[in-house]
Structures are given as C-alpha cells and as structure tokens.
There are 2 protein chains.
Amino acid sequence: MVHVYNSKVRLKEGRVGELTCGNGHKTDFSAPPEFRGNTGMLTAEDALVAAVNMSIMQTFLHLIEKKGIKIRGYEADANGILGNRKGNECIIRIVVHPKITIDPGTDIDGVELCLNEARKYSIIANSTHATLVVEHKLEIQKG
Amino acid sequence: MVHVYNSKVRLKEGRVGELTCGNGHKTDFSAPPEFRGNTGMLTAEDALVAAVNMSIMQTFLHLIEKKGIKIRGYEADANGILGNRKGNECIIRIVVHPKITIDPGTDIDGVELCLNEARKYSIIANSTHATLVVEHKLEIQKG
C-alpha cells in the first residue's frame, strides 16, 4: 500500500502563512527571525529538525513495544545546523539527544538496540541529507 | 554566523508526544494513523512534507520581494510519497503544486524565475533526499 502525506500552505498576510497538515494539525508559520520572520511561529527549519526528532521517538516506541520493553520516560533535544553543501545552504547536521528513563532491571541492551535501530529505520532520518547523530543517555529511576 | 534550529520532544502518554520548537511553536504529535497513531495530530511525516512546502513558499516570497514583484495570493498543496530506498522506508518523492494569483501586468517571467530559484535555493529542499518536483499554476486575477 502506498502512503502519501499531504500538506497545504496558504499566504495569509505579509509573509505569514497558514499550514494545514494531512493528519489535521493546523498552525501559522513564518520564516525564522534571522530571515526576517516572526518569533513564536512554526518555521520550515524547525519543522525539519522536529520531523527527525519525532520520527526517532516514534520508531523507538514502536520497536520497544515489539520487544515488550517498557520505559518510564523519553525526552530528546535535537539541533539542526545550517551550513553549505555544493554551494547551497541546507541543514547539514542534526544531532538528537534522547534521554530515556527506565526502571531498575529493565533490559538495557534491548533499549540501546532499539535506539540504534530507530536511528537506522526512522522514515524521516532516511529522508534527509543531513548527517544524523543520536547521542543518548539512559537514566535508571530507583523507586 | 552559524544558525542552529532546535526542537524538543517529550513522551506524554501512550505513544503521544509533546513537541516544542526553538522558535516557539508547541503541539502534540503521534505516529500517523496507519502506524497506529492518532488522527488530528502532527506527525513526523506531515512535518517533513510541510517543511518543504513552507520553505519553498518563504524562499519564493523572499525572492519576489528582492525583485519588487507583488502577488495577490499563494497557496500550495504538497504530497510526500512513502517508498523504499536501499531497503529502508523513506519519503522518496515530494510534489509541490503552488498556485500563485497575480494582477494583470505583473512580471510573469519574474514570478516563474523566482519560483524556479525557490526550488533551487530552499534550505529544506536542499536538505532532503526525496526527489522534489514543483508544478506551479499562475492565475491572473482581473479587477
């Protein structure tokens, strides 16, 4: 089965647009402030970095569920660095820092394997040219 | 100057996460419904397609402004197709359909040039592996 993901944009006023995603999310967007956009709004650059960050989390959750591994918590910071490749500006590197909280006795090797596989199988990680680095931290929560 | 784009994700409940983007946008997200996620929420797949769609619009607006070209309206549908490359699932093709409304007498060649350059210089278009096709339509609004 072919899956297609759809989005619509529409210019509202000035350089502010309205985004409607196929799965229902709707929000205003602009260029980033350093490119004369507004603060407090979604930007294309943030959306790309967020897509990678969200995809790695969702892929990881899917993989641990298949293995029957339970976690207490997952959070991740991601940074996308703007650079130049072949004369064109693009996001050249994305670094994701997942912090996973687990109970004592959790299958740590299993968690680390799932995280490596999430990096490998994430649909969005495989859709970007940017070099992607995932540096994780496991926190074992006692009690 | 180096620009860095940041996002944070945090697992809330089940497989629903909370996304906070560096420029301030905040929303819940999930996997797409076909991967057992929720409807009505942002997904990583939608975010990638949206990033390309938003970036082409913002780059186009920047370029026409530099040329002093004014438009009446801009809207665009974008579709990202899930496929397989080297054994991994990824978004293999994104097609963007901008519809630009202009007044009679507007520099049509200038508009088309800016749209081609937006495709070429869009930061996000240059950050994705997906084959990107932009098929536009110009509408001249009389009166």
# chains A, B, ... in the order shown; residues from 1 in each chain; ligands from 1

call {"tool": "interface_residues", "arguments": {"of": "chain A", "to": "chain B", "cutoff": "6 Å", "atoms": "only C-alpha atoms", "output": "PyMOL selection string"}}
result
chain A and resi 3-11+21+23-25+39-42+44+46-48+50-51+54-55+74-82+89-91+123+126-129

call {"tool": "write_last_selection", "arguments": {"atoms": "C-alpha atoms", "output": "short mmCIF file (atom, residue, chain, number, x, y, z; two decimals), in the first residue's frame"}}
result
data_model
loop_
_atom_site.label_atom_id
_atom_site.label_comp_id
_atom_site.auth_asym_id
_atom_site.auth_seq_id
_atom_site.Cartn_x
_atom_site.Cartn_y
_atom_site.Cartn_z
CA HIS A 3 1.16 6.05 1.82
CA VAL A 4 1.01 9.70 0.84
CA TYR A 5 1.48 12.58 3.27
CA ASN A 6 -0.15 15.85 2.34
CA SER A 7 0.23 19.45 3.47
CA LYS A 8 -1.31 22.70 2.34
CA VAL A 9 0.10 26.19 2.78
CA ARG A 10 -1.63 29.48 2.13
CA LEU A 11 -0.23 33.01 2.34
CA CYS A 21 -1.31 19.04 7.57
CA ASN A 23 -3.42 14.38 9.60
CA GLY A 24 -5.18 17.51 10.86
CA HIS A 25 -2.60 19.76 12.54
CA THR A 39 9.02 34.61 16.68
CA GLY A 40 6.54 32.22 18.29
CA MET A 41 5.61 30.54 15.00
CA LEU A 42 6.47 27.31 13.30
CA ALA A 44 10.29 25.25 7.94
CA ASP A 46 12.15 23.92 12.96
CA ALA A 47 9.73 21.54 11.21
CA LEU A 48 12.56 19.60 9.57
CA ALA A 50 11.26 18.33 14.62
CA ALA A 51 10.35 15.74 11.96
CA MET A 54 9.61 12.97 16.39
CA SER A 55 10.31 10.15 13.95
CA TYR A 74 11.57 9.65 26.87
CA GLU A 75 12.63 13.16 26.00
CA ALA A 76 15.02 14.46 23.38
CA ASP A 77 16.65 17.70 22.34
CA ALA A 78 17.56 17.98 18.67
CA ASN A 79 19.71 20.58 16.95
CA GLY A 80 19.91 21.18 13.21
CA ILE A 81 22.91 23.13 11.95
CA LEU A 82 22.62 25.34 8.88
CA GLU A 89 22.50 26.43 2.14
CA CYS A 90 20.95 23.46 3.87
CA ILE A 91 20.69 21.70 7.20
CA ILE A 123 11.49 7.13 7.91
CA ASN A 126 16.34 8.17 5.96
CA SER A 127 14.71 11.05 4.09
CA THR A 128 17.24 13.74 4.98
CA HIS A 129 20.67 14.53 3.55
#

call {"tool": "select_by_dssp", "arguments": {"residues": "stretch 53-128 of chain A", "states": "strand (DSSP E or B)", "output": "PDB file with N, CA, C and O atoms, in the first residue's frame"}}
result
ATOM      1  N   GLY A  73      10.148   7.067  30.766  1.00  0.00           N
ATOM      2  CA  GLY A  73      10.052   8.359  30.090  1.00  0.00           C
ATOM      3  C   GLY A  73      11.021   8.472  28.936  1.00  0.00           C
ATOM      4  O   GLY A  73      12.012   7.725  28.852  1.00  0.00           O
ATOM      5  N   TYR A  74      10.695   9.384  28.014  1.00  0.00           N
ATOM      6  CA  TYR A  74      11.574   9.652  26.868  1.00  0.00           C
ATOM      7  C   TYR A  74      11.478  11.134  26.583  1.00  0.00           C
ATOM      8  O   TYR A  74      10.383  11.684  26.461  1.00  0.00           O
ATOM      9  N   GLU A  75      12.619  11.789  26.504  1.00  0.00           N
ATOM     10  CA  GLU A  75      12.629  13.159  26.001  1.00  0.00           C
ATOM     11  C   GLU A  75      13.883  13.333  25.161  1.00  0.00           C
ATOM     12  O   GLU A  75      14.867  12.594  25.346  1.00  0.00           O
ATOM     13  N   ALA A  76      13.853  14.258  24.239  1.00  0.00           N
ATOM     14  CA  ALA A  76      15.024  14.457  23.376  1.00  0.00           C
ATOM     15  C   ALA A  76      15.095  15.893  22.881  1.00  0.00           C
ATOM     16  O   ALA A  76      14.092  16.464  22.454  1.00  0.00           O
ATOM     17  N   ASP A  77      16.295  16.431  22.982  1.00  0.00           N
ATOM     18  CA  ASP A  77      16.645  17.705  22.341  1.00  0.00           C
ATOM     19  C   ASP A  77      17.233  17.381  20.979  1.00  0.00           C
ATOM     20  O   ASP A  77      18.013  16.433  20.869  1.00  0.00           O
ATOM     21  N   ALA A  78      16.915  18.165  19.973  1.00  0.00           N
ATOM     22  CA  ALA A  78      17.559  17.981  18.665  1.00  0.00           C
ATOM     23  C   ALA A  78      18.010  19.335  18.136  1.00  0.00           C
ATOM     24  O   ALA A  78      17.311  20.346  18.307  1.00  0.00           O
ATOM     25  N   ASN A  79      19.179  19.350  17.532  1.00  0.00           N
ATOM     26  CA  ASN A  79      19.711  20.577  16.945  1.00  0.00           C
ATOM     27  C   ASN A  79      20.065  20.345  15.486  1.00  0.00           C
ATOM     28  O   ASN A  79      20.760  19.378  15.163  1.00  0.00           O
ATOM     29  N   GLY A  80      19.583  21.234  14.637  1.00  0.00           N
ATOM     30  CA  GLY A  80      19.914  21.177  13.215  1.00  0.00           C
ATOM     31  C   GLY A  80      20.806  22.349  12.869  1.00  0.00           C
ATOM     32  O   GLY A  80      20.479  23.493  13.197  1.00  0.00           O
ATOM     33  N   ILE A  81      21.930  22.075  12.242  1.00  0.00           N
ATOM     34  CA  ILE A  81      22.908  23.134  11.949  1.00  0.00           C
ATOM     35  C   ILE A  81      22.849  23.514  10.480  1.00  0.00           C
ATOM     36  O   ILE A  81      22.958  22.653   9.594  1.00  0.00           O
ATOM     37  N   LEU A  82      22.675  24.815  10.254  1.00  0.00           N
ATOM     38  CA  LEU A  82      22.618  25.336   8.884  1.00  0.00           C
ATOM     39  C   LEU A  82      24.035  25.454   8.346  1.00  0.00           C
ATOM     40  O   LEU A  82      24.919  25.989   9.014  1.00  0.00           O
ATOM     41  N   GLY A  83      24.252  24.950   7.165  1.00  0.00           N
ATOM     42  CA  GLY A  83      25.575  25.032   6.557  1.00  0.00           C
ATOM     43  C   GLY A  83      25.454  25.081   5.052  1.00  0.00           C
ATOM     44  O   GLY A  83      24.396  25.430   4.515  1.00  0.00           O
ATOM     45  N   ASN A  84      26.523  24.725   4.385  1.00  0.00           N
ATOM     46  CA  ASN A  84      26.590  24.858   2.950  1.00  0.00           C
ATOM     47  C   ASN A  84      27.078  23.548   2.328  1.00  0.00           C
ATOM     48  O   ASN A  84      28.058  22.980   2.786  1.00  0.00           O
ATOM     49  N   ARG A  85      26.336  23.046   1.339  1.00  0.00           N
ATOM     50  CA  ARG A  85      26.811  21.873   0.621  1.00  0.00           C
ATOM     51  C   ARG A  85      26.662  22.134  -0.865  1.00  0.00           C
ATOM     52  O   ARG A  85      25.586  22.503  -1.333  1.00  0.00           O
ATOM     53  N   ASN A  88      25.000  25.364  -1.830  1.00  0.00           N
ATOM     54  CA  ASN A  88      23.635  25.665  -1.389  1.00  0.00           C
ATOM     55  C   ASN A  88      23.506  25.560   0.130  1.00  0.00           C
ATOM     56  O   ASN A  88      24.029  24.616   0.733  1.00  0.00           O
ATOM     57  N   GLU A  89      22.777  26.498   0.708  1.00  0.00           N
ATOM     58  CA  GLU A  89      22.504  26.425   2.137  1.00  0.00           C
ATOM     59  C   GLU A  89      21.546  25.275   2.427  1.00  0.00           C
ATOM     60  O   GLU A  89      20.539  25.104   1.725  1.00  0.00           O
ATOM     61  N   CYS A  90      21.859  24.530   3.446  1.00  0.00           N
ATOM     62  CA  CYS A  90      20.953  23.460   3.867  1.00  0.00           C
ATOM     63  C   CYS A  90      21.274  23.056   5.304  1.00  0.00           C
ATOM     64  O   CYS A  90      22.256  23.531   5.886  1.00  0.00           O
ATOM     65  N   ILE A  91      20.422  22.229   5.869  1.00  0.00           N
ATOM     66  CA  ILE A  91      20.694  21.696   7.203  1.00  0.00           C
ATOM     67  C   ILE A  91      21.697  20.562   7.005  1.00  0.00           C
ATOM     68  O   ILE A  91      21.354  19.532   6.408  1.00  0.00           O
ATOM     69  N   ILE A  92      22.922  20.775   7.468  1.00  0.00           N
ATOM     70  CA  ILE A  92      23.972  19.788   7.162  1.00  0.00           C
ATOM     71  C   ILE A  92      24.123  18.733   8.248  1.00  0.00           C
ATOM     72  O   ILE A  92      24.657  17.663   8.004  1.00  0.00           O
ATOM     73  N   ARG A  93      23.664  19.045   9.456  1.00  0.00           N
ATOM     74  CA  ARG A  93      23.889  18.100  10.557  1.00  0.00           C
ATOM     75  C   ARG A  93      22.767  18.236  11.573  1.00  0.00           C
ATOM     76  O   ARG A  93      22.391  19.355  11.934  1.00  0.00           O
ATOM     77  N   ILE A  94      22.220  17.106  11.982  1.00  0.00           N
ATOM     78  CA  ILE A  94      21.192  17.108  13.031  1.00  0.00           C
ATOM     79  C   ILE A  94      21.676  16.182  14.138  1.00  0.00           C
ATOM     80  O   ILE A  94      22.040  15.028  13.876  1.00  0.00           O
ATOM     81  N   VAL A  95      21.717  16.720  15.347  1.00  0.00           N
ATOM     82  CA  VAL A  95      22.140  15.906  16.491  1.00  0.00           C
ATOM     83  C   VAL A  95      20.937  15.761  17.431  1.00  0.00           C
ATOM     84  O   VAL A  95      20.325  16.757  17.821  1.00  0.00           O
ATOM     85  N   VAL A  96      20.603  14.526  17.755  1.00  0.00           N
ATOM     86  CA  VAL A  96      19.466  14.235  18.639  1.00  0.00           C
ATOM     87  C   VAL A  96      20.010  13.638  19.939  1.00  0.00           C
ATOM     88  O   VAL A  96      20.866  12.748  19.900  1.00  0.00           O
ATOM     89  N   HIS A  97      19.541  14.166  21.052  1.00  0.00           N
ATOM     90  CA  HIS A  97      19.995  13.695  22.372  1.00  0.00           C
ATOM     91  C   HIS A  97      18.830  13.092  23.148  1.00  0.00           C
ATOM     92  O   HIS A  97      18.229  13.768  23.985  1.00  0.00           O
ATOM     93  N   PRO A  98      18.509  11.833  22.919  1.00  0.00           N
ATOM     94  CA  PRO A  98      17.410  11.242  23.698  1.00  0.00           C
ATOM     95  C   PRO A  98      17.860  10.943  25.124  1.00  0.00           C
ATOM     96  O   PRO A  98      18.980  10.481  25.347  1.00  0.00           O
ATOM     97  N   LYS A  99      16.976  11.231  26.058  1.00  0.00           N
ATOM     98  CA  LYS A  99      17.214  10.845  27.458  1.00  0.00           C
ATOM     99  C   LYS A  99      16.065   9.905  27.836  1.00  0.00           C
ATOM    100  O   LYS A  99      14.891  10.298  27.811  1.00  0.00           O
ATOM    101  N   ILE A 100      16.407   8.660  28.136  1.00  0.00           N
ATOM    102  CA  ILE A 100      15.388   7.649  28.382  1.00  0.00           C
ATOM    103  C   ILE A 100      15.456   7.221  29.838  1.00  0.00           C
ATOM    104  O   ILE A 100      16.532   6.891  30.342  1.00  0.00           O
ATOM    105  N   THR A 101      14.339   7.274  30.505  1.00  0.00           N
ATOM    106  CA  THR A 101      14.281   6.870  31.907  1.00  0.00           C
ATOM    107  C   THR A 101      13.656   5.479  31.996  1.00  0.00           C
ATOM    108  O   THR A 101      12.600   5.236  31.419  1.00  0.00           O
ATOM    109  N   ILE A 102      14.358   4.600  32.715  1.00  0.00           N
ATOM    110  CA  ILE A 102      13.885   3.206  32.839  1.00  0.00           C
ATOM    111  C   ILE A 102      13.884   2.784  34.309  1.00  0.00           C
ATOM    112  O   ILE A 102      14.543   3.412  35.150  1.00  0.00           O
ATOM    113  N   THR A 128      16.466  12.485   4.963  1.00  0.00           N
ATOM    114  CA  THR A 128      17.235  13.736   4.983  1.00  0.00           C
ATOM    115  C   THR A 128      18.692  13.497   4.582  1.00  0.00           C
ATOM    116  O   THR A 128      19.264  12.454   4.873  1.00  0.00           O
TER     117      THR A 128
END

call {"tool": "atom_distance", "arguments": {"atom1": "atom CA of A:Lys67", "atom2": "atom CA of A:Thr131"}}
result
28.1 Å

call {"tool": "select_by_dssp", "arguments": {"residues": "stretch 2-133 of chain A", "states": "alpha helix (DSSP H)", "output": "PyMOL selection string"}}
result
chain A and resi 44-67+108-121

call {"tool": "write_last_selection", "arguments": {"atoms": "N, CA and C atoms", "output": "CSV table (one decimal), in the first residue's frame"}}
result
chain,number,residue,atom,x,y,z
A,44,ALA,N,9.9,26.4,8.7
A,44,ALA,CA,10.3,25.2,7.9
A,44,ALA,C,11.5,24.6,8.6
A,45,GLU,N,12.5,25.4,9.0
A,45,GLU,CA,13.7,24.8,9.6
A,45,GLU,C,13.4,24.0,10.9
A,46,ASP,N,12.6,24.6,11.7
A,46,ASP,CA,12.2,23.9,13.0
A,46,ASP,C,11.4,22.6,12.6
A,47,ALA,N,10.5,22.7,11.6
A,47,ALA,CA,9.7,21.5,11.2
A,47,ALA,C,10.6,20.4,10.7
A,48,LEU,N,11.7,20.7,10.0
A,48,LEU,CA,12.6,19.6,9.6
A,48,LEU,C,13.2,18.9,10.8
A,49,VAL,N,13.8,19.7,11.6
A,49,VAL,CA,14.5,19.2,12.8
A,49,VAL,C,13.5,18.4,13.7
A,50,ALA,N,12.3,19.0,13.8
A,50,ALA,CA,11.3,18.3,14.6
A,50,ALA,C,10.8,17.0,14.0
A,51,ALA,N,10.8,17.0,12.7
A,51,ALA,CA,10.4,15.7,12.0
A,51,ALA,C,11.3,14.6,12.3
A,52,VAL,N,12.6,14.9,12.3
A,52,VAL,CA,13.6,13.9,12.6
A,52,VAL,C,13.5,13.5,14.1
A,53,ASN,N,13.3,14.4,14.9
A,53,ASN,CA,13.2,14.2,16.4
A,53,ASN,C,12.0,13.3,16.7
A,54,MET,N,10.9,13.7,16.1
A,54,MET,CA,9.6,13.0,16.4
A,54,MET,C,9.7,11.6,15.8
A,55,SER,N,10.3,11.4,14.6
A,55,SER,CA,10.3,10.2,14.0
A,55,SER,C,11.2,9.2,14.7
A,56,ILE,N,12.3,9.6,15.3
A,56,ILE,CA,13.2,8.7,16.0
A,56,ILE,C,12.4,8.3,17.3
A,57,MET,N,11.7,9.2,17.9
A,57,MET,CA,11.0,8.8,19.1
A,57,MET,C,9.9,7.8,18.8
A,58,GLN,N,9.1,8.0,17.7
A,58,GLN,CA,8.0,7.1,17.4
A,58,GLN,C,8.5,5.8,16.9
A,59,THR,N,9.6,5.8,16.2
A,59,THR,CA,10.2,4.5,15.7
A,59,THR,C,10.7,3.7,16.9
A,60,PHE,N,11.4,4.4,17.9
A,60,PHE,CA,11.9,3.7,19.1
A,60,PHE,C,10.7,3.1,19.9
A,61,LEU,N,9.6,3.9,20.1
A,61,LEU,CA,8.5,3.4,20.8
A,61,LEU,C,7.9,2.1,20.2
A,62,HIS,N,7.8,2.2,18.9
A,62,HIS,CA,7.3,1.0,18.1
A,62,HIS,C,8.2,-0.2,18.3
A,63,LEU,N,9.5,0.0,18.3
A,63,LEU,CA,10.5,-1.1,18.4
A,63,LEU,C,10.5,-1.7,19.9
A,64,ILE,N,10.4,-0.8,20.9
A,64,ILE,CA,10.4,-1.4,22.2
A,64,ILE,C,9.1,-2.1,22.5
A,65,GLU,N,8.0,-1.6,21.9
A,65,GLU,CA,6.7,-2.3,22.1
A,65,GLU,C,6.8,-3.7,21.6
A,66,LYS,N,7.4,-3.8,20.4
A,66,LYS,CA,7.5,-5.1,19.8
A,66,LYS,C,8.3,-6.1,20.6
A,67,LYS,N,9.3,-5.6,21.4
A,67,LYS,CA,10.1,-6.4,22.2
A,67,LYS,C,9.6,-6.6,23.6
A,108,ILE,N,18.6,-3.2,29.4
A,108,ILE,CA,19.3,-2.1,28.9
A,108,ILE,C,19.8,-2.3,27.5
A,109,ASP,N,20.3,-3.5,27.3
A,109,ASP,CA,20.8,-3.8,25.9
A,109,ASP,C,19.7,-3.7,24.9
A,110,GLY,N,18.5,-4.2,25.3
A,110,GLY,CA,17.4,-4.1,24.4
A,110,GLY,C,17.0,-2.7,24.1
A,111,VAL,N,17.1,-1.8,25.1
A,111,VAL,CA,16.8,-0.4,24.9
A,111,VAL,C,17.8,0.2,24.0
A,112,GLU,N,19.0,-0.1,24.2
A,112,GLU,CA,20.1,0.5,23.3
A,112,GLU,C,20.0,0.0,21.9
A,113,LEU,N,19.7,-1.3,21.7
A,113,LEU,CA,19.5,-1.8,20.4
A,113,LEU,C,18.3,-1.2,19.7
A,114,CYS,N,17.2,-1.0,20.4
A,114,CYS,CA,16.1,-0.3,19.8
A,114,CYS,C,16.4,1.1,19.4
A,115,LEU,N,17.2,1.8,20.2
A,115,LEU,CA,17.6,3.2,19.8
A,115,LEU,C,18.4,3.2,18.6
A,116,ASN,N,19.4,2.3,18.5
A,116,ASN,CA,20.2,2.2,17.3
A,116,ASN,C,19.3,1.9,16.1
A,117,GLU,N,18.4,1.0,16.3
A,117,GLU,CA,17.5,0.6,15.1
A,117,GLU,C,16.6,1.7,14.8
A,118,ALA,N,16.2,2.5,15.8
A,118,ALA,CA,15.3,3.7,15.5
A,118,ALA,C,16.0,4.7,14.6
A,119,ARG,N,17.3,4.9,14.9
A,119,ARG,CA,18.2,5.7,14.0
A,119,ARG,C,18.2,5.2,12.6
A,120,LYS,N,18.3,3.8,12.5
A,120,LYS,CA,18.5,3.2,11.2
A,120,LYS,C,17.2,3.1,10.4
A,121,TYR,N,16.1,2.9,11.1
A,121,TYR,CA,14.8,2.7,10.4
A,121,TYR,C,13.9,3.9,10.4

call {"tool": "atom_distance", "arguments": {"atom1": "atom CA of B:Asp107", "atom2": "atom CA of B:Lys142"}}
result
14.9 Å
